[in-house]
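Colleague: Please see the structure below; I have some questions.
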Amino acid sequence: MSRRLLVSTFAHEQDLLDATNTAREKGYTILDSFTPFAVHGLDKAMGMRPTRLAWVTFFLGISGAIAKLWFQIWTSATSWPVNVGGKPLKSVPAFVPVTFEVMVLFAGVGSVLFFLFRRKLWPGKKPRFVYERTTNDRFVLVLVEDRADFDVSEVRQLFAPFHLVNLEERMEQES
Amino acid sequence: MAEILSTLRPPLVLGNKSYADITDDVCSALERKSSTGWWTSFIIAVGVLILGAISVGYQLVTGVGVWGLNNTVGWAFDITNFVFWIGIGHAGTLISAILFLFRQRWRTSINRSAEAMTLFAVICAGIFPIIHTGRPWFAYWFIPYPNFRGPLWVNFRSPLVWDMFAIGCYLTISALFWYVGLLPDLATIRDRAKTMWRKKIFGFFSFGWDGSNRTWQRYEKLYLLLAGLATPLVVSVHTIVSWDFATSIIPGWHTTIFPPYFVAGAVFSGFAMVLMLMLIVRKVMNLEDYITLHHIENMTKVIIATSGMVGLAYITELFVAYYSGNPYERFAFINRALGPYGWAYWLMVTCNVVVPQFFWWKKIRRHVGMVFILSIFINVGMWFERFVIIMTSLTRDFLPGSWSGFTPTILDITTLLGSFGLFFTLFLLFARFLPMIAIGEVKGVAGVKRATPPGAVEKRKEVAHEPAPVG
C-alpha cells in the first residue's frame with residue numbers, strides 16, 4: 001500500500017517542535033520527523049514511547065558476564081587445571097577483571113548491533129527519506145494523509161505561524 | 001517562535017553560526033585539496049613511521065636483544081611506551097564519555113578528535129606488548145580459543161591476560177563509540193557530496209542514515225549507554241595496566257595506590273596531548289570559532305586538577321614508603337629520588353607538578369602559545385613518570401649482585417619515534433577525510449538558550465502545490 005505523505009519543512013528546531021505538537025493535538029498521523037541533530041522534546045511531541053534499548057544492554061551485559069565467569073572457571077578448574085603457585089583453581093577474585101571487560105564488550109557491541117538491526121541500518125543502505133538538507137539545516141515533519149477529509153491547505157494554515165519553509169506531497173514508495 | 005536568551009554564559013560556538021554555516025565550516029575542509037602544510041606534516045609523519053617500521057622489522061628478524069634490555073631489566077622502553085600511549089588514549093574517552101555524563105556541553109567541539117586520538121593512541125600502545133613477545137605471529141595465543149594443545153587455555157589469573165582483554169575491549173568500544181558518533185556526520189557529508197565517488201563511499205559508510213527522529217531517539221539512548229559503559233571501562237583499563245606492576249612483588253610497584261595514581265596520570269597526560277592536537281587543529285583548519293579559548297581554558301583546568309592528583313600520589317608514595325618501615329620499600333624510593341635515575345625523577349616532578357601550576361594564571365590559560373609549550377612539558381614529564389617507575393625498581397632489585405643499568409639502544413629510540421609517526425599519520429589521515437568536529441552535536445548546542453542567529457531563518461518560500469516526484 002502506498003500512502004500519500006505531506007512533507008513540511010522548517011528552518012528551526014523550535015518551529016518543528018511547535019508544529020509537531022500542534023499536529024498531534026489536531027489528531028494528524030505523524031509518520032516521522034527528520035532533523036540534522038537530536039531535537040530534545042521531539043519524542044514527546046511525536047508521542048513516541050521511550051526506547052527499551054537499555055534493557056537490551058542490561059541483559060547483554062549480564063549474559064556476557066555470566067558466560068565469561070563460567071568460561072574462566074571451566075578453563076581454569078575443569079578443562080585443564082594448572083596449579084599456579086598453589087593458588088586455588090577457582091580463584092573468583094582473579095576472574096573479576098576479565099569478567100568485567102567481557103561484560104562491557106558484550107553490552108557495548110550488542111547494543112550497537114541491536115540498534116542497527118532495529119533501525120534497519122546497514123553499510124551501503126540507501127536512505128529511506130531523501131532530502132539532502134535534513135542532514136544540514138532543515139527540519140522536516142512528515143504527516144500521513146490517511147483521512148478522506150485531509151486538506152493540505154488546512155495544514156498549511158495550521159503551520160503558517162511556525163515559519164513554514166516548504167510544503168510538498170510525496171507518495172510513499174514500496175521497498 | 002519561543003526564544004530564551006541567556007546573557008550569563010558565553011556561547012559555546014562563536015561567530016553567530018547558522019546550522020548551514022556549521023556544516024560548511026567543518027565539511028569544506030574535507031572537500032578542498034590538501035594544503036601544503038598538510039602534505040608536509042604527512043610526509044614527515046610517514047617518514048618517521050617508516051623509520052619505526054624498519055626498526056621493528058629489524059627487531060623481529062634479529063630478536064628482542066637489539067633493545068637495551070638485559071637480565072635484570074626485562075622490559076623498559078616497550079612497557080613505558082605502552083603505558084604512555086594507553087594513558088594518552090584515556091583523555092579521549094574522558095572527554096567523550098565522562099564529560100557527556102556530566103552534561104559538559106562544551107565537549108561537543110572537541111570530542112570527535114579526542115575520540116580519534118584515543119583510538120590511534122590505543123593502536124600505538126597495542127603494538128608494544130605484541131612486538132615485545134618477540135614472536136608476534138603467535139600473538140593470537142593470548143586469545144583463549146579451542147586448540148590442539150590440550151586444549152591449553154590462557155591463565156586467567158595473570159594480569160597480562162587481564163591486560164590483553166582490557167586493551168582489546170577498550171579498543172573495540174572506543175572504535176564503536178567513535179563510529180556511532182560519526183554516523184550522522186557521514187550522512188551530512190554524503191548529502192553534500194558532489195562527486196560520484198564521495199557519494200558512493202560516504203553513502204556506504206553512513207548506513208543509510210536519514211535523520212529520522214525515531215532513529216535519533218534510539219541513537220541518543222545508545223550514545224548514553226555507550227558513555228555509561230565506557231566510563232567504568234576507561235577506569236578499569238588503566239587500573240588493569242597498573243596491576244601489571246602492582247600485582248608483582250617488586251618494591252616500588254607493589255602498592256595499592258597504583259590504580260588511582262595511574263588513572264589520574266593517564267587523564268593528565270591525555271589532556272595535555274588533546275590540547276597540543278587541538279591547538280594545532282584549530283589553527284590549521286580555521287576552527288577557532290568552534291574550539292574557542294573557553295575550551296582551551298577548560299582543558300587546562302582539568303590539567304591543574306589532575307596534576308594535583310598526580311602530585312599527591314608522588315607525596316603519598318614517599319610517605320608510605322617511609323611509614324611502612326619496610327627497608328626495601330624505603331630503599332626503592334630513596335633510590336628513585338637520589339639514585340642513578342634521580343635526574344629522571346626530578347624531571348618528572350618538575351614537568352608534572354611544577355609546570356602545570358602556571359595554569360593558575362588566567363593570562364597563561366588563554367595564551368595559545370604558552371598552553372602549547374606547557375603541554376609539551378607535561379607529555380615529556382608523563383613519559384618519564386612511567387620510565388622512572390619501571391627503571392628505578394628494575395635496575396636496583398633485591399640482590400645487589402644483579403643490579404644493573406639500562407641504556408636505550410638506537411632501536412629503542414627509533415621504535416618510540418615510530419609510534420609517534422604512526423599516531424600522527426593516522427591523525428592526519430583522519431583530519432583529512434573525516435569531520436574533525438561532531439557536526440550534529442555542535443548544532444545541538446549552537447542554538448541552546450540563544451536567539452536564532454540573524455539570517456539563519458529564511459523568509460518563507462512559495463509553497464509548492466504540486467506533489468514532488470517520489471523520493
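Residues in the C-alpha cells are numbered from 1 in each chain, the chains being A, B, ... in the order shown, and ligands are numbered from 1 in the order shown.
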Find the spatial neighbours of Leu224 of chain B, counting only C-alpha atoms, within a cut-off of 10 Å - ignore same-chain residues fewer than 4 positions away - and output them as a VMD selection string.
Modeller: (chain A and resid 54) or (chain B and resid 97 100 to 101 218 to 220 228 to 230)
Colleague: Going by DSSP on the backbone, which residues of segment 278-341 of chain B come out as helix (DSSP H, G or I)? List them as an mmCIF file with C-alpha atoms, in the first residue's frame.
Modeller:
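As written to disk, result-v6.cif reads:
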```cif
data_model
loop_
_atom_site.group_PDB
_atom_site.id
_atom_site.type_symbol
_atom_site.label_atom_id
_atom_site.label_comp_id
_atom_site.auth_asym_id
_atom_site.auth_seq_id
_atom_site.Cartn_x
_atom_site.Cartn_y
_atom_site.Cartn_z
ATOM 1 C CA MET B 278 43.574 20.896 19.325
ATOM 2 C CA LEU B 279 45.796 23.954 19.291
ATOM 3 C CA ILE B 280 47.307 22.820 16.005
ATOM 4 C CA VAL B 281 43.965 21.746 14.541
ATOM 5 C CA ARG B 282 42.069 24.952 15.305
ATOM 6 C CA LYS B 283 44.835 26.972 13.721
ATOM 7 C CA VAL B 284 45.406 24.846 10.634
ATOM 8 C CA LEU B 293 39.725 29.886 24.189
ATOM 9 C CA HIS B 294 36.955 28.822 26.532
ATOM 10 C CA HIS B 295 37.542 25.187 25.548
ATOM 11 C CA ILE B 296 41.264 25.542 25.998
ATOM 12 C CA GLU B 297 40.801 27.139 29.372
ATOM 13 C CA ASN B 298 38.504 24.340 30.497
ATOM 14 C CA MET B 299 41.031 21.724 29.486
ATOM 15 C CA THR B 300 43.849 23.476 31.295
ATOM 16 C CA LYS B 301 41.685 23.456 34.406
ATOM 17 C CA VAL B 302 41.359 19.681 34.144
ATOM 18 C CA ILE B 303 45.143 19.589 33.851
ATOM 19 C CA ILE B 304 45.556 21.576 37.069
ATOM 20 C CA ALA B 305 43.222 19.193 38.899
ATOM 21 C CA THR B 306 44.856 16.021 37.628
ATOM 22 C CA SER B 307 48.316 17.462 38.168
ATOM 23 C CA GLY B 308 47.322 17.937 41.798
ATOM 24 C CA MET B 309 46.231 14.299 41.996
ATOM 25 C CA VAL B 310 49.465 13.114 40.452
ATOM 26 C CA GLY B 311 51.478 15.312 42.829
ATOM 27 C CA LEU B 312 49.518 13.972 45.766
ATOM 28 C CA ALA B 313 50.274 10.437 44.604
ATOM 29 C CA TYR B 314 54.015 11.192 44.457
ATOM 30 C CA ILE B 315 53.987 12.507 48.014
ATOM 31 C CA THR B 316 51.797 9.675 49.289
ATOM 32 C CA GLU B 317 54.154 7.124 47.783
ATOM 33 C CA LEU B 318 57.122 8.691 49.527
ATOM 34 C CA PHE B 319 55.285 8.940 52.823
ATOM 35 C CA VAL B 320 54.006 5.371 52.717
ATOM 36 C CA ALA B 321 57.467 4.103 51.834
ATOM 37 C CA TYR B 322 58.842 5.893 54.889
ATOM 38 C CA TYR B 323 55.943 4.968 57.171
ATOM 39 C CA SER B 324 55.837 1.298 56.135
ATOM 40 C CA PRO B 327 63.642 -1.268 54.272
ATOM 41 C CA TYR B 328 63.261 -2.475 50.678
ATOM 42 C CA GLU B 329 60.366 -0.138 50.083
ATOM 43 C CA ARG B 330 62.270 2.767 51.631
ATOM 44 C CA PHE B 331 65.323 1.993 49.587
ATOM 45 C CA ALA B 332 63.286 1.872 46.395
ATOM 46 C CA PHE B 333 62.061 5.391 46.946
ATOM 47 C CA ILE B 334 65.332 6.898 48.165
ATOM 48 C CA ASN B 335 66.906 5.320 45.111
ATOM 49 C CA ARG B 336 64.148 6.722 42.930
ATOM 50 C CA ALA B 337 64.797 10.294 44.004
ATOM 51 C CA LEU B 338 68.551 10.194 44.645
#
```
Colleague: Please list as a list in words every residue within 12 Å of Gly64 of chain A, counting only C-alpha atoms and excluding residues in the same chain fewer than 4 positions away.
Modeller: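 The filter keeps Thr57, Phe58, Phe59, Leu60, Lys68, Leu69, Trp70, Phe71, Val98, Thr99, Phe100, Glu101, Val102, Met103, Val104, Leu105, Phe106, Ala107, Gly108, Val109 and Gly110 of chain A.
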Colleague: Just want the 9 Å neighbourhood of segment 115-127 of chain B, counted on only C-alpha atoms, with same-chain residues fewer than 5 positions away dropped. Output as a PyMOL selection string.
Modeller: chain B and resi 79+81-93+95-96+110+132+164+167-168+170-172+174-175+177-178+270+273-274+277+419-420+422-424+426-427+430+436
Colleague: Which of these residues is nearest to Asp185 of chain B, using only C-alpha atoms: A:Arg4, A:Pro36, A:Lys90, A:Lys26?
Modeller: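 Looking at the shortest contact to Asp185 of chain B, the residue is A:Pro36.
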Colleague: Write out as a list in words all residues of segment 3-172 of chain A that DSSP puts in strand (DSSP E or B) for this structure's backbone.
Modeller: Arg4, Leu5, Leu6, Val7, Ser8, Thr9, Phe10, Thr29, Ile30, Leu31, Asp32, Ser33, Phe34, Phe139, Val140, Leu141, Val142, Leu143, Val144, Asn166, Leu167, Glu168, Glu169, Arg170 and Met171 of chain A
Colleague: Name the residues in contact with Val152 of chain A at a cut-off of 10 Å, using only C-alpha atoms, excluding same-chain residues fewer than 2 positions from it; report them as a ChimeraX atom specification.
Modeller: /A:6,145,149-150,154-158,167-169 /B:465
Colleague: May I have the residues from that selection written out with C-alpha atoms, as a CSV table (one decimal), in the first residue's frame?
Modeller:
```
chain,number,residue,atom,x,y,z
A,6,LEU,CA,2.7,15.5,3.4
A,145,GLU,CA,-2.7,11.7,4.6
A,149,ASP,CA,-11.0,14.8,4.5
A,150,PHE,CA,-7.3,15.5,4.7
A,154,GLU,CA,-5.7,23.4,6.2
A,155,VAL,CA,-2.3,22.1,7.3
A,156,ARG,CA,-0.6,25.0,5.5
A,157,GLN,CA,-2.7,27.4,7.5
A,158,LEU,CA,-2.1,25.5,10.7
A,167,LEU,CA,5.2,22.1,1.9
A,168,GLU,CA,5.0,19.2,-0.6
A,169,GLU,CA,3.2,16.0,-1.1
B,465,HIS,CA,1.4,22.9,-4.7
```
Colleague: If I take atom CA of Arg190 of chain B and atom CA of Gly203 of chain B, how far is one from the other in Å, to one decimal?
Modeller: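 Separation of atom CA of Arg190 of chain B and atom CA of Gly203 of chain B: 5.7 Å.
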Colleague: Of the residues A:Phe114, A:Phe10, A:Trp55, A:Trp122, which is the one nearest to chain B, using only C-alpha atoms?
Modeller: A:Trp122
Colleague: Neighbouring residues of Phe205 of chain B were defined as those with any atom within 12 Å, considering only C-alpha atoms; residues of the same chain fewer than 2 positions away were excluded. Please report them as a ChimeraX atom specification.
Modeller: /A:121-127 /B:179-180,182-190,198-203,207-209,434
Colleague: Would you export the selected residues with C-alpha atoms as a PDB file, in the first residue's frame, please?
Modeller:
```
ATOM      1  CA  LEU A 121      20.649   0.490   9.155  1.00  0.00           C
ATOM      2  CA  TRP A 122      23.461  -1.320   7.425  1.00  0.00           C
ATOM      3  CA  PRO A 123      26.542  -0.463   5.364  1.00  0.00           C
ATOM      4  CA  GLY A 124      25.575   0.614   1.889  1.00  0.00           C
ATOM      5  CA  LYS A 125      21.875   1.065   2.648  1.00  0.00           C
ATOM      6  CA  LYS A 126      20.150   3.774   0.641  1.00  0.00           C
ATOM      7  CA  PRO A 127      18.495   6.402   2.832  1.00  0.00           C
TER       8      PRO A 127
ATOM      9  CA  TYR B 179      31.876   5.358  14.713  1.00  0.00           C
ATOM     10  CA  VAL B 180      28.410   5.659  16.202  1.00  0.00           C
ATOM     11  CA  LEU B 182      30.341   9.655  13.260  1.00  0.00           C
ATOM     12  CA  LEU B 183      27.242   8.161  11.578  1.00  0.00           C
ATOM     13  CA  PRO B 184      25.078  11.324  11.316  1.00  0.00           C
ATOM     14  CA  ASP B 185      28.053  13.373  10.145  1.00  0.00           C
ATOM     15  CA  LEU B 186      28.950  10.840   7.463  1.00  0.00           C
ATOM     16  CA  ALA B 187      25.394  11.248   6.212  1.00  0.00           C
ATOM     17  CA  THR B 188      25.850  15.026   6.173  1.00  0.00           C
ATOM     18  CA  ILE B 189      28.940  14.645   4.011  1.00  0.00           C
ATOM     19  CA  ARG B 190      27.151  12.154   1.781  1.00  0.00           C
ATOM     20  CA  ARG B 198      32.339  10.636  -2.489  1.00  0.00           C
ATOM     21  CA  LYS B 199      28.627   9.882  -2.760  1.00  0.00           C
ATOM     22  CA  LYS B 200      29.333   6.174  -3.038  1.00  0.00           C
ATOM     23  CA  ILE B 201      31.907   5.921  -0.269  1.00  0.00           C
ATOM     24  CA  PHE B 202      30.091   8.074   2.259  1.00  0.00           C
ATOM     25  CA  GLY B 203      26.793   6.525   1.193  1.00  0.00           C
ATOM     26  CA  PHE B 207      24.478   3.182   6.799  1.00  0.00           C
ATOM     27  CA  GLY B 208      21.526   4.907   5.136  1.00  0.00           C
ATOM     28  CA  TRP B 209      21.192   7.480   7.896  1.00  0.00           C
ATOM     29  CA  LEU B 434      36.565  12.761   8.260  1.00  0.00           C
TER      30      LEU B 434
END
```
Colleague: My list of candidates is B:Leu287, B:Ala139, B:Ala431, B:Val73. Which is closest to Ile22 of chain B when distances are computed with only C-alpha atoms?
Modeller: B:Leu287
Colleague: To one decimal place, how far is atom CA of Ala45 of chain A from atom CA of Asp151 of chain A in Å?
Modeller: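 Atom-to-atom, atom CA of Ala45 of chain A and atom CA of Asp151 of chain A are spaced 21.7 Å apart.
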Colleague: May I have the residues within 9 Å of Glu13 of chain A as a list in words, using only C-alpha atoms and disregarding those fewer than 2 positions away in the same chain?
Modeller: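 Using only C-alpha atoms, the neighbours found are Phe10, Ala11, Asp15, Leu16, Leu17, Asp18, Thr35, Val39, Arg138 and Phe139 of chain A.
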Colleague: Please report the interatomic distance between atom CA of Phe37 of chain A and atom CA of Tyr19 of chain B in Å with one decimal.
Modeller: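 Between atom CA of Phe37 of chain A and atom CA of Tyr19 of chain B the gap is 10.0 Å.
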